[in-house]
Amino acid sequence: MTAALAHYLDVATRFQAAPEQASAPQWLKRLRADALGHFERQGLPTTRDEAWKYSRLGAIAEGAFIPRTDVPRDSAHLSAVVARLGLPGPRLVFVDGRLAPELSSVAGLPRGLTLKPLRDAVREDGELLESLLGQRALANEHAFTALNAALLEEGVLLRLAPGALSEVPVQVVFLTRGDAPVLSSPRILVVAGESSEATLVETYASAGPAGSAATFTNAVTEVTLGDNASLHHYKLQVEADAALHVGALHARQGRDSRFASHAFAFGGAMARNEVHAAFAGEGGDATLNGLYVGQGAQHLDNRTALDHAVPRCTSRELYKGVLDGHSRGTFHGLIRVRQDAQRTDSRQQNRNLLLSESAQADARPQLEIFADDVKCAHGAAVGRLDAQALFYLRSRGVPQAEAERLLTYAFAREVVEAVPAGPVRANIEALLASKLPGAAQREVTA
Amino acid sequence: MALLTVRNLHARVAGKDILKGIDLEVAPGEVHAIMGPNGSGKSTLASVLAGRDGYEVTQGEVLFDGKPLLELSPEARAAAGVFLAFQYPVEIPGVGNIHFLRTALNAQRRAKGLEELDAMDFLQLAKEKSKLVQLDAAFMNRSVNEGFSGGEKKRNEIFQMAVLEPRLAILDETDSGLDIDALRTVAGGVNALRSPERGMVLITHYQRLLDYIVPDKVHVIAAGRIVRSGGRELALELEEKGYGWLGLDGGKKATAEARR
């Protein structure tokens with residue numbers, strides 16, 4: 001056993017044996033204990049594991065990250081960070097993986113929606129949680145999901161009653177302070193009843209000063225969409241340079257349901273984002289979009305998996321990467337069309353723009369098609385800025401750096417514009433503008 | 001003083017000598033036409049003046065307003081007042097036409113120490129200038145040249161020139177591939193932009209353009225050199241006799257195409 005595995009086993013064992021966990025319900029204790037077993041059996045993945053071939057996990061192994069136990073207090077600084085990142089409307093805010101009640105508010109939550117901390121849901125909605133936690137994200141198939149489940153305590157339940165509609169986005173915000181090597185293990189559970197519709201924004205950000213300590217966030221989101229339900233899901237990962245992030249979202253889609261995932265990965269030294277969608281009923285529609293923007297030595301890893309298990313479902317994927325400096329971006333997209341899944345219509349695109357000589361992109365589309373009456377298309381491309389376009393802009397007086405920025409934004413905007421106009425998109429546009437190369441420079445000269 | 005002075009300009013592309021000693025002087029207010037057969041170096045001259053990558057100047061110099069031009073970046077040349085209307089305007093998906101042009105104008109204004117135009121003032125300006133070439137508002141909101149017809153692209157070039165108000169405009173085969181209506185529109189725009197302070201260089205393959213834009217001087221370029229210079233009558237002579245009488249290969253073919 002490696003020292004790293006021993007460390008995380010020790011962390012989880014201590015957590016489960018802590019006196020304050022004695023009163024936890026039996027089903028939860030069992031879930032955690034089983035997960036610990038799965039984690040121990042699988043061990044920490046390495047680049048020798050096919051599914052983790054491109055992920056640089058060394059820092060997670062070496063970091064000796066530990067969960068935070070003290071409850072975060074409100075502060076003017078944290079409030080300001082939340083105000084800057086967040087949107088008006090109901091939200092739950094977590095700091096270093098712990099719920100921050102003073103920064104949270106569920107005022108204005110539309111009728112039919114329940115948004116509550118997972119701790120409360122464990123007490124109040126035990127049966128529901130017992131039936132759903134760990135059912136989409138399987139601890140026996142994914143070491144980090146197992147670790148998350150072994151430490152399962154904090155997180156969110158978002159529940160939509162049948163027919164419930166929410167015009168306002170619901171937000172969950174995860175901040176890290178960067179004053180200690182903290183491990184956060186949030187679990188987000190979404191249960192959408194028949195014909196309900198909502199928007200959920202998950203934001204991961206750092207509240208510490210530049211040069212803060214590395215943190216490790218290991219998040220799992222489980223989504224269950226009832227028949228004809230619709231969820232617009234946004235993940236904005238804008239953590240600090242030193243942050244490590246592993247996130248996995250698993251959605252199970254009922255008949256005629258719609259699931260749209262928009263994943264924006266701008267931050268972190270190493271950030272892996274997984275989105276898995278499985279069709280459990282006919283007529284489902286999934287959109288998996290992503291934009292990853294890397295600089296410096298960032299490593300941004302994207303993994304998608306679509307499981308077309310039933311007929312007549314549609315999926316659309318568009319992932320784009322903008323990579324500068326020594327950064328590396330990867331996209332691995334699996335589309336599985338099972339034998340019964342006739343009339344599947346699936347399209348996948350991955351495009352990468354390299355802005356420097358030493359930036360790197362790896363694209364790996366993977367199609368496994370066992371049905372014969374299907375439409376499946378995929379494409380992957382890695383390129384650089386168009387020299388002709390660059391000269392055209394410069395010949396009109398646009399300075400080179402600004403011209404590069406214009407063209408880079410033009411490349412990235414396709415993913416941003418797939419987000420319906422409104423406060424969520426405006427927020428993403430602002431985050432992207434401050435992330436694109438040359439942003440700081442332009443702000444100074446403006 | 002001359003606006004543009006080209007002295008003994010030699011340039012090569014991909015190891016091949018294309019310009020072999022060009023001399024040219026353009027004064028403010030003058031319109032010069034440069035004609036010549038395919039491969040004579042017309043477009044290379046335009047590219048060298050605008051600062052396109054991949055062109056190596058091996059001899060000679062270019063002065064703009066008495067100052068060396070060739071050491072400036074393309075954007076600095078633009079800010080100094082040089083404008084190139086492209087033979088093949090580039091399509092730039094995702095960059096809005098009007099946003100691009102405002103960015104360009106404001107970059108030039110910044111370089112000159114002028115205040116930037118805000119969105120409202122710019123829109124007003126653009127609206128007015130677009131009338132020159134009858135470019136309707138729908139084009140302004142589309143991506144730069146994306147999906148434009150050949151004529152629309154060329155009109156967009158002249159529209160940009162109208163907004164940027166350069167001191168020297170180089171029009172590289174702006175007339176090529178245009179139907180007569182589009183040619184009239186483009187020529188009308190160019191004529192409206194003639195002014196005592198502005199110099200223009202029309203690079204063209206076809207004499208027809210000069211029926212609509214009357215030049216002050218005509219130069220014939222062949223094999224990288226200007227072989228004849230004269231007044232407008234030189235263009236008419238070319239129209240009548242082709243390039244052949246100048247002892248140039250390929251000239252007859254070019255003129256034959258022009259007559260068709």
# chains A, B, ... in the order shown; residues from 1 in each chain; ligands from 1
call {"tool": "interface_residues", "arguments": {"of": "chain A", "to": "chain B", "cutoff": "6 Å", "atoms": "only C-alpha atoms", "output": "JSON list (two decimals) with all heavy atoms, in the first residue's frame"}}
result
[["chain", "number", "residue", "atom", "x", "y", "z"],
["A", 394, "ARG", "N", -4.79, 42.95, -37.72],
["A", 394, "ARG", "CA", -3.67, 43.86, -37.46],
["A", 394, "ARG", "C", -3.57, 44.93, -38.54],
["A", 394, "ARG", "O", -3.24, 46.08, -38.27],
["A", 394, "ARG", "CB", -2.36, 43.08, -37.36],
["A", 394, "ARG", "CG", -2.32, 42.14, -36.16],
["A", 394, "ARG", "CD", -1.03, 41.34, -36.12],
["A", 394, "ARG", "NE", 0.11, 42.19, -35.81],
["A", 394, "ARG", "CZ", 1.39, 41.81, -35.96],
["A", 394, "ARG", "NH1", 1.65, 40.60, -36.44],
["A", 394, "ARG", "NH2", 2.36, 42.62, -35.64],
["A", 395, "SER", "N", -3.87, 44.54, -39.79],
["A", 395, "SER", "CA", -3.77, 45.51, -40.88],
["A", 395, "SER", "C", -4.80, 46.63, -40.72],
["A", 395, "SER", "O", -4.71, 47.66, -41.36],
["A", 395, "SER", "CB", -3.98, 44.82, -42.23],
["A", 395, "SER", "OG", -5.37, 44.59, -42.45],
["A", 396, "ARG", "N", -5.79, 46.40, -39.85],
["A", 396, "ARG", "CA", -6.79, 47.44, -39.58],
["A", 396, "ARG", "C", -6.44, 48.25, -38.34],
["A", 396, "ARG", "O", -7.21, 49.09, -37.91],
["A", 396, "ARG", "CB", -8.17, 46.81, -39.40],
["A", 396, "ARG", "CG", -8.69, 46.10, -40.64],
["A", 396, "ARG", "CD", -8.85, 47.06, -41.81],
["A", 396, "ARG", "NE", -9.36, 46.41, -42.99],
["A", 396, "ARG", "CZ", -8.63, 46.17, -44.09],
["A", 396, "ARG", "NH1", -7.35, 46.52, -44.12],
["A", 396, "ARG", "NH2", -9.16, 45.59, -45.13],
["A", 397, "GLY", "N", -5.30, 47.90, -37.72],
["A", 397, "GLY", "CA", -4.84, 48.67, -36.58],
["A", 397, "GLY", "C", -5.03, 48.00, -35.23],
["A", 397, "GLY", "O", -4.69, 48.57, -34.20],
["A", 398, "VAL", "N", -5.59, 46.80, -35.22],
["A", 398, "VAL", "CA", -5.77, 46.11, -33.94],
["A", 398, "VAL", "C", -4.42, 45.53, -33.50],
["A", 398, "VAL", "O", -3.84, 44.73, -34.24],
["A", 398, "VAL", "CB", -6.81, 44.97, -34.06],
["A", 398, "VAL", "CG1", -7.03, 44.29, -32.72],
["A", 398, "VAL", "CG2", -8.13, 45.51, -34.61],
["A", 399, "PRO", "N", -3.91, 45.93, -32.34],
["A", 399, "PRO", "CA", -2.61, 45.41, -31.90],
["A", 399, "PRO", "C", -2.63, 43.88, -31.77],
["A", 399, "PRO", "O", -3.68, 43.29, -31.51],
["A", 399, "PRO", "CB", -2.40, 46.05, -30.52],
["A", 399, "PRO", "CG", -3.29, 47.24, -30.52],
["A", 399, "PRO", "CD", -4.46, 46.90, -31.39],
["A", 410, "ALA", "N", -13.51, 34.56, -30.05],
["A", 410, "ALA", "CA", -14.41, 34.10, -31.13],
["A", 410, "ALA", "C", -14.49, 32.57, -31.14],
["A", 410, "ALA", "O", -15.54, 31.99, -31.40],
["A", 410, "ALA", "CB", -13.91, 34.60, -32.48]]
call {"tool": "select_by_dssp", "arguments": {"residues": "region 142-237 of chain A", "states": "helix (DSSP H, G or I)", "output": "list in words"}}
result
Ala143, Phe144, Thr145, Ala146, Leu147, Asn148, Ala149 and Ala150 of chain A
call {"tool": "atom_distance", "arguments": {"atom1": "CA of Gln59 (chain B)", "atom2": "CA of Leu4 (chain B)"}}
result
16.9 Å
call {"tool": "atom_distance", "arguments": {"atom1": "CA of Glu197 (chain B)", "atom2": "CA of Ile170 (chain B)"}}
result
14.6 Å
call {"tool": "residues_around", "arguments": {"residues": "region 7-20 of chain B", "least_positions_apart": "5", "cutoff": "8 Å", "atoms": "only C-alpha atoms", "output": "list in words"}}
result
Ser40, Gly41, Thr44, Leu45, Val48, Gly54, Tyr55, Glu56, Val57, Thr58, Gln59, Gly60, Glu61, Val62, Ala223, Gly224 and Arg225 of chain B
call {"tool": "residues_around", "arguments": {"residues": "region 103-117 of chain A", "least_positions_apart": "2", "cutoff": "10 Å", "atoms": "only C-alpha atoms", "output": "PDB file with N, CA and C atoms, in the first residue's frame"}}
result
ATOM      1  N   PRO A  72     -17.185  27.302   9.354  1.00  0.00           N
ATOM      2  CA  PRO A  72     -16.711  28.607   8.906  1.00  0.00           C
ATOM      3  C   PRO A  72     -17.610  29.734   9.397  1.00  0.00           C
ATOM      4  N   ARG A  73     -16.998  30.846   9.748  1.00  0.00           N
ATOM      5  CA  ARG A  73     -17.768  32.014  10.160  1.00  0.00           C
ATOM      6  C   ARG A  73     -17.867  32.972   8.993  1.00  0.00           C
ATOM      7  N   ASP A  74     -18.880  33.769   9.065  1.00  0.00           N
ATOM      8  CA  ASP A  74     -19.045  34.805   8.048  1.00  0.00           C
ATOM      9  C   ASP A  74     -17.927  35.828   8.209  1.00  0.00           C
ATOM     10  N   SER A  75     -17.534  36.406   7.111  1.00  0.00           N
ATOM     11  CA  SER A  75     -16.600  37.519   7.202  1.00  0.00           C
ATOM     12  C   SER A  75     -16.883  38.422   6.023  1.00  0.00           C
ATOM     13  N   LEU A  78     -15.390  36.953   2.839  1.00  0.00           N
ATOM     14  CA  LEU A  78     -16.107  35.846   2.210  1.00  0.00           C
ATOM     15  C   LEU A  78     -17.405  36.328   1.569  1.00  0.00           C
ATOM     16  N   SER A  79     -18.102  37.226   2.256  1.00  0.00           N
ATOM     17  CA  SER A  79     -19.343  37.776   1.693  1.00  0.00           C
ATOM     18  C   SER A  79     -19.066  38.455   0.367  1.00  0.00           C
ATOM     19  N   VAL A  82     -18.500  35.863  -2.339  1.00  0.00           N
ATOM     20  CA  VAL A  82     -19.771  35.261  -2.754  1.00  0.00           C
ATOM     21  C   VAL A  82     -20.553  36.244  -3.621  1.00  0.00           C
ATOM     22  N   ALA A  83     -20.559  37.510  -3.230  1.00  0.00           N
ATOM     23  CA  ALA A  83     -21.314  38.509  -3.993  1.00  0.00           C
ATOM     24  C   ALA A  83     -20.735  38.653  -5.397  1.00  0.00           C
ATOM     25  N   PRO A  88     -27.994  36.754  -7.773  1.00  0.00           N
ATOM     26  CA  PRO A  88     -29.067  36.865  -6.777  1.00  0.00           C
ATOM     27  C   PRO A  88     -29.885  35.582  -6.788  1.00  0.00           C
ATOM     28  N   GLY A  89     -30.553  35.312  -5.694  1.00  0.00           N
ATOM     29  CA  GLY A  89     -31.397  34.120  -5.659  1.00  0.00           C
ATOM     30  C   GLY A  89     -30.941  33.141  -4.597  1.00  0.00           C
ATOM     31  N   PRO A  90     -31.684  32.050  -4.456  1.00  0.00           N
ATOM     32  CA  PRO A  90     -31.391  31.103  -3.383  1.00  0.00           C
ATOM     33  C   PRO A  90     -30.048  30.411  -3.592  1.00  0.00           C
ATOM     34  N   ARG A  91     -29.325  30.234  -2.482  1.00  0.00           N
ATOM     35  CA  ARG A  91     -28.028  29.571  -2.605  1.00  0.00           C
ATOM     36  C   ARG A  91     -27.590  28.987  -1.276  1.00  0.00           C
ATOM     37  N   LEU A  92     -26.800  27.938  -1.398  1.00  0.00           N
ATOM     38  CA  LEU A  92     -26.113  27.391  -0.238  1.00  0.00           C
ATOM     39  C   LEU A  92     -24.621  27.556  -0.502  1.00  0.00           C
ATOM     40  N   VAL A  93     -23.920  28.048   0.533  1.00  0.00           N
ATOM     41  CA  VAL A  93     -22.496  28.318   0.374  1.00  0.00           C
ATOM     42  C   VAL A  93     -21.714  27.449   1.344  1.00  0.00           C
ATOM     43  N   PHE A  94     -20.646  26.859   0.833  1.00  0.00           N
ATOM     44  CA  PHE A  94     -19.780  26.014   1.653  1.00  0.00           C
ATOM     45  C   PHE A  94     -18.377  26.609   1.623  1.00  0.00           C
ATOM     46  N   VAL A  95     -17.728  26.567   2.781  1.00  0.00           N
ATOM     47  CA  VAL A  95     -16.356  27.064   2.848  1.00  0.00           C
ATOM     48  C   VAL A  95     -15.480  25.916   3.330  1.00  0.00           C
ATOM     49  N   LEU A  99     -20.681  23.678   5.452  1.00  0.00           N
ATOM     50  CA  LEU A  99     -21.761  24.624   5.207  1.00  0.00           C
ATOM     51  C   LEU A  99     -21.508  25.927   5.967  1.00  0.00           C
ATOM     52  N   ALA A 100     -21.698  27.036   5.291  1.00  0.00           N
ATOM     53  CA  ALA A 100     -21.577  28.354   5.922  1.00  0.00           C
ATOM     54  C   ALA A 100     -22.975  28.967   5.972  1.00  0.00           C
ATOM     55  N   PRO A 101     -23.711  28.721   7.074  1.00  0.00           N
ATOM     56  CA  PRO A 101     -25.126  29.132   7.118  1.00  0.00           C
ATOM     57  C   PRO A 101     -25.303  30.640   6.925  1.00  0.00           C
ATOM     58  N   ARG A 119     -26.869  17.534   5.450  1.00  0.00           N
ATOM     59  CA  ARG A 119     -26.981  17.165   6.873  1.00  0.00           C
ATOM     60  C   ARG A 119     -28.435  17.174   7.331  1.00  0.00           C
ATOM     61  N   ASP A 120     -29.172  18.215   6.914  1.00  0.00           N
ATOM     62  CA  ASP A 120     -30.587  18.297   7.285  1.00  0.00           C
ATOM     63  C   ASP A 120     -31.375  17.201   6.584  1.00  0.00           C
ATOM     64  N   ALA A 121     -31.037  16.968   5.320  1.00  0.00           N
ATOM     65  CA  ALA A 121     -31.770  15.972   4.539  1.00  0.00           C
ATOM     66  C   ALA A 121     -31.577  14.578   5.122  1.00  0.00           C
ATOM     67  N   VAL A 122     -30.402  14.306   5.681  1.00  0.00           N
ATOM     68  CA  VAL A 122     -30.147  13.003   6.293  1.00  0.00           C
ATOM     69  C   VAL A 122     -31.152  12.771   7.422  1.00  0.00           C
ATOM     70  N   GLU A 153     -20.873  13.661   4.179  1.00  0.00           N
ATOM     71  CA  GLU A 153     -21.517  14.387   5.267  1.00  0.00           C
ATOM     72  C   GLU A 153     -22.113  15.700   4.771  1.00  0.00           C
ATOM     73  N   GLU A 154     -21.255  16.471   4.070  1.00  0.00           N
ATOM     74  CA  GLU A 154     -21.705  17.786   3.621  1.00  0.00           C
ATOM     75  C   GLU A 154     -22.175  17.716   2.175  1.00  0.00           C
ATOM     76  N   GLY A 155     -23.088  18.622   1.857  1.00  0.00           N
ATOM     77  CA  GLY A 155     -23.569  18.681   0.491  1.00  0.00           C
ATOM     78  C   GLY A 155     -24.964  19.273   0.435  1.00  0.00           C
ATOM     79  N   VAL A 156     -25.654  18.911  -0.625  1.00  0.00           N
ATOM     80  CA  VAL A 156     -26.905  19.589  -0.936  1.00  0.00           C
ATOM     81  C   VAL A 156     -27.926  18.579  -1.450  1.00  0.00           C
ATOM     82  N   LEU A 157     -29.174  18.781  -1.035  1.00  0.00           N
ATOM     83  CA  LEU A 157     -30.282  18.095  -1.702  1.00  0.00           C
ATOM     84  C   LEU A 157     -31.117  19.147  -2.423  1.00  0.00           C
ATOM     85  N   LEU A 158     -31.273  18.960  -3.730  1.00  0.00           N
ATOM     86  CA  LEU A 158     -32.198  19.801  -4.498  1.00  0.00           C
ATOM     87  C   LEU A 158     -33.292  18.885  -5.002  1.00  0.00           C
ATOM     88  N   ARG A 159     -34.506  19.200  -4.570  1.00  0.00           N
ATOM     89  CA  ARG A 159     -35.621  18.326  -4.931  1.00  0.00           C
ATOM     90  C   ARG A 159     -36.708  19.153  -5.608  1.00  0.00           C
ATOM     91  N   LEU A 160     -37.166  18.661  -6.758  1.00  0.00           N
ATOM     92  CA  LEU A 160     -38.221  19.350  -7.481  1.00  0.00           C
ATOM     93  C   LEU A 160     -39.467  18.485  -7.450  1.00  0.00           C
ATOM     94  N   ALA A 161     -40.539  19.056  -6.933  1.00  0.00           N
ATOM     95  CA  ALA A 161     -41.808  18.326  -6.931  1.00  0.00           C
ATOM     96  C   ALA A 161     -42.281  18.175  -8.374  1.00  0.00           C
ATOM     97  N   PRO A 162     -43.093  17.168  -8.652  1.00  0.00           N
ATOM     98  CA  PRO A 162     -43.604  17.032 -10.019  1.00  0.00           C
ATOM     99  C   PRO A 162     -44.252  18.332 -10.485  1.00  0.00           C
ATOM    100  N   GLY A 163     -43.888  18.739 -11.701  1.00  0.00           N
ATOM    101  CA  GLY A 163     -44.468  19.952 -12.276  1.00  0.00           C
ATOM    102  C   GLY A 163     -43.871  21.247 -11.769  1.00  0.00           C
ATOM    103  N   ALA A 164     -42.926  21.181 -10.817  1.00  0.00           N
ATOM    104  CA  ALA A 164     -42.350  22.421 -10.261  1.00  0.00           C
ATOM    105  C   ALA A 164     -41.488  23.108 -11.320  1.00  0.00           C
ATOM    106  N   LEU A 165     -41.603  24.422 -11.372  1.00  0.00           N
ATOM    107  CA  LEU A 165     -40.833  25.195 -12.342  1.00  0.00           C
ATOM    108  C   LEU A 165     -40.078  26.281 -11.617  1.00  0.00           C
ATOM    109  N   SER A 166     -38.824  26.436 -11.970  1.00  0.00           N
ATOM    110  CA  SER A 166     -38.050  27.508 -11.351  1.00  0.00           C
ATOM    111  C   SER A 166     -37.446  28.388 -12.421  1.00  0.00           C
ATOM    112  N   GLU A 167     -37.798  29.654 -12.377  1.00  0.00           N
ATOM    113  CA  GLU A 167     -37.202  30.599 -13.324  1.00  0.00           C
ATOM    114  C   GLU A 167     -35.863  31.091 -12.794  1.00  0.00           C
ATOM    115  N   VAL A 168     -35.726  31.149 -11.477  1.00  0.00           N
ATOM    116  CA  VAL A 168     -34.454  31.618 -10.925  1.00  0.00           C
ATOM    117  C   VAL A 168     -33.488  30.459 -10.765  1.00  0.00           C
ATOM    118  N   PRO A 169     -32.212  30.683 -11.094  1.00  0.00           N
ATOM    119  CA  PRO A 169     -31.244  29.607 -10.901  1.00  0.00           C
ATOM    120  C   PRO A 169     -30.987  29.356  -9.419  1.00  0.00           C
ATOM    121  N   VAL A 170     -30.832  28.103  -9.088  1.00  0.00           N
ATOM    122  CA  VAL A 170     -30.457  27.709  -7.737  1.00  0.00           C
ATOM    123  C   VAL A 170     -28.941  27.530  -7.735  1.00  0.00           C
ATOM    124  N   GLN A 171     -28.284  28.058  -6.685  1.00  0.00           N
ATOM    125  CA  GLN A 171     -26.824  27.994  -6.696  1.00  0.00           C
ATOM    126  C   GLN A 171     -26.260  27.266  -5.503  1.00  0.00           C
ATOM    127  N   VAL A 172     -25.197  26.540  -5.773  1.00  0.00           N
ATOM    128  CA  VAL A 172     -24.387  26.030  -4.675  1.00  0.00           C
ATOM    129  C   VAL A 172     -22.959  26.504  -4.937  1.00  0.00           C
ATOM    130  N   VAL A 173     -22.359  27.091  -3.917  1.00  0.00           N
ATOM    131  CA  VAL A 173     -21.045  27.714  -4.071  1.00  0.00           C
ATOM    132  C   VAL A 173     -20.079  27.049  -3.103  1.00  0.00           C
ATOM    133  N   ARG A 187     -21.241  16.387  -1.734  1.00  0.00           N
ATOM    134  CA  ARG A 187     -22.131  15.511  -2.506  1.00  0.00           C
ATOM    135  C   ARG A 187     -23.406  16.302  -2.812  1.00  0.00           C
ATOM    136  N   ILE A 188     -23.732  16.362  -4.078  1.00  0.00           N
ATOM    137  CA  ILE A 188     -24.926  17.099  -4.487  1.00  0.00           C
ATOM    138  C   ILE A 188     -25.910  16.105  -5.078  1.00  0.00           C
ATOM    139  N   LEU A 189     -27.102  16.148  -4.535  1.00  0.00           N
ATOM    140  CA  LEU A 189     -28.119  15.207  -4.967  1.00  0.00           C
ATOM    141  C   LEU A 189     -29.288  15.992  -5.559  1.00  0.00           C
ATOM    142  N   VAL A 190     -29.611  15.685  -6.803  1.00  0.00           N
ATOM    143  CA  VAL A 190     -30.723  16.373  -7.468  1.00  0.00           C
ATOM    144  C   VAL A 190     -31.776  15.336  -7.826  1.00  0.00           C
ATOM    145  N   VAL A 191     -32.991  15.598  -7.399  1.00  0.00           N
ATOM    146  CA  VAL A 191     -34.092  14.696  -7.714  1.00  0.00           C
ATOM    147  C   VAL A 191     -35.196  15.537  -8.336  1.00  0.00           C
ATOM    148  N   ALA A 192     -35.457  15.316  -9.628  1.00  0.00           N
ATOM    149  CA  ALA A 192     -36.432  16.133 -10.337  1.00  0.00           C
ATOM    150  C   ALA A 192     -37.649  15.289 -10.688  1.00  0.00           C
ATOM    151  N   GLY A 193     -38.778  15.692 -10.143  1.00  0.00           N
ATOM    152  CA  GLY A 193     -40.018  14.961 -10.392  1.00  0.00           C
ATOM    153  C   GLY A 193     -40.524  15.173 -11.805  1.00  0.00           C
ATOM    154  N   SER A 196     -40.859  18.526 -14.130  1.00  0.00           N
ATOM    155  CA  SER A 196     -40.316  19.686 -13.411  1.00  0.00           C
ATOM    156  C   SER A 196     -39.163  20.258 -14.224  1.00  0.00           C
ATOM    157  N   GLU A 197     -38.788  21.495 -13.876  1.00  0.00           N
ATOM    158  CA  GLU A 197     -37.717  22.149 -14.628  1.00  0.00           C
ATOM    159  C   GLU A 197     -36.988  23.148 -13.737  1.00  0.00           C
ATOM    160  N   ALA A 198     -35.657  23.079 -13.769  1.00  0.00           N
ATOM    161  CA  ALA A 198     -34.888  24.004 -12.935  1.00  0.00           C
ATOM    162  C   ALA A 198     -33.480  24.194 -13.493  1.00  0.00           C
TER     163      ALA A 198
END
call {"tool": "atom_distance", "arguments": {"atom1": "CA of Glu239 (chain B)", "atom2": "CA of Phe159 (chain B)"}}
result
29.3 Å
call {"tool": "residues_around", "arguments": {"residues": "region 174-191 of chain B", "least_positions_apart": "2", "cutoff": "7 Å", "atoms": "only C-alpha atoms", "output": "PyMOL selection string"}}
result
chain B and resi 85+87+132-133+151+154-155+158+171-172+193-194+209+212-213
call {"tool": "write_last_selection", "arguments": {"atoms": "C-alpha atoms", "output": "PDB file, in the first residue's frame"}}
result
ATOM      1  CA  ALA B  85      -8.175  46.663 -49.175  1.00  0.00           C
ATOM      2  CA  GLN B  87      -7.865  41.047 -52.764  1.00  0.00           C
ATOM      3  CA  LEU B 132     -21.381  55.075 -49.236  1.00  0.00           C
ATOM      4  CA  VAL B 133     -21.327  51.468 -50.370  1.00  0.00           C
ATOM      5  CA  GLY B 151     -19.274  41.815 -53.957  1.00  0.00           C
ATOM      6  CA  LYS B 154     -15.343  44.136 -51.431  1.00  0.00           C
ATOM      7  CA  ARG B 155     -17.987  46.625 -50.335  1.00  0.00           C
ATOM      8  CA  ILE B 158     -14.455  50.083 -48.788  1.00  0.00           C
ATOM      9  CA  LEU B 171      -6.721  48.686 -53.166  1.00  0.00           C
ATOM     10  CA  ASP B 172      -5.543  45.253 -54.204  1.00  0.00           C
ATOM     11  CA  LEU B 193     -13.261  59.060 -50.485  1.00  0.00           C
ATOM     12  CA  ARG B 194     -10.880  60.889 -52.820  1.00  0.00           C
ATOM     13  CA  LEU B 209     -11.926  49.798 -63.235  1.00  0.00           C
ATOM     14  CA  TYR B 212     -15.053  54.346 -63.088  1.00  0.00           C
ATOM     15  CA  ILE B 213     -12.120  55.615 -61.071  1.00  0.00           C
TER      16      ILE B 213
END
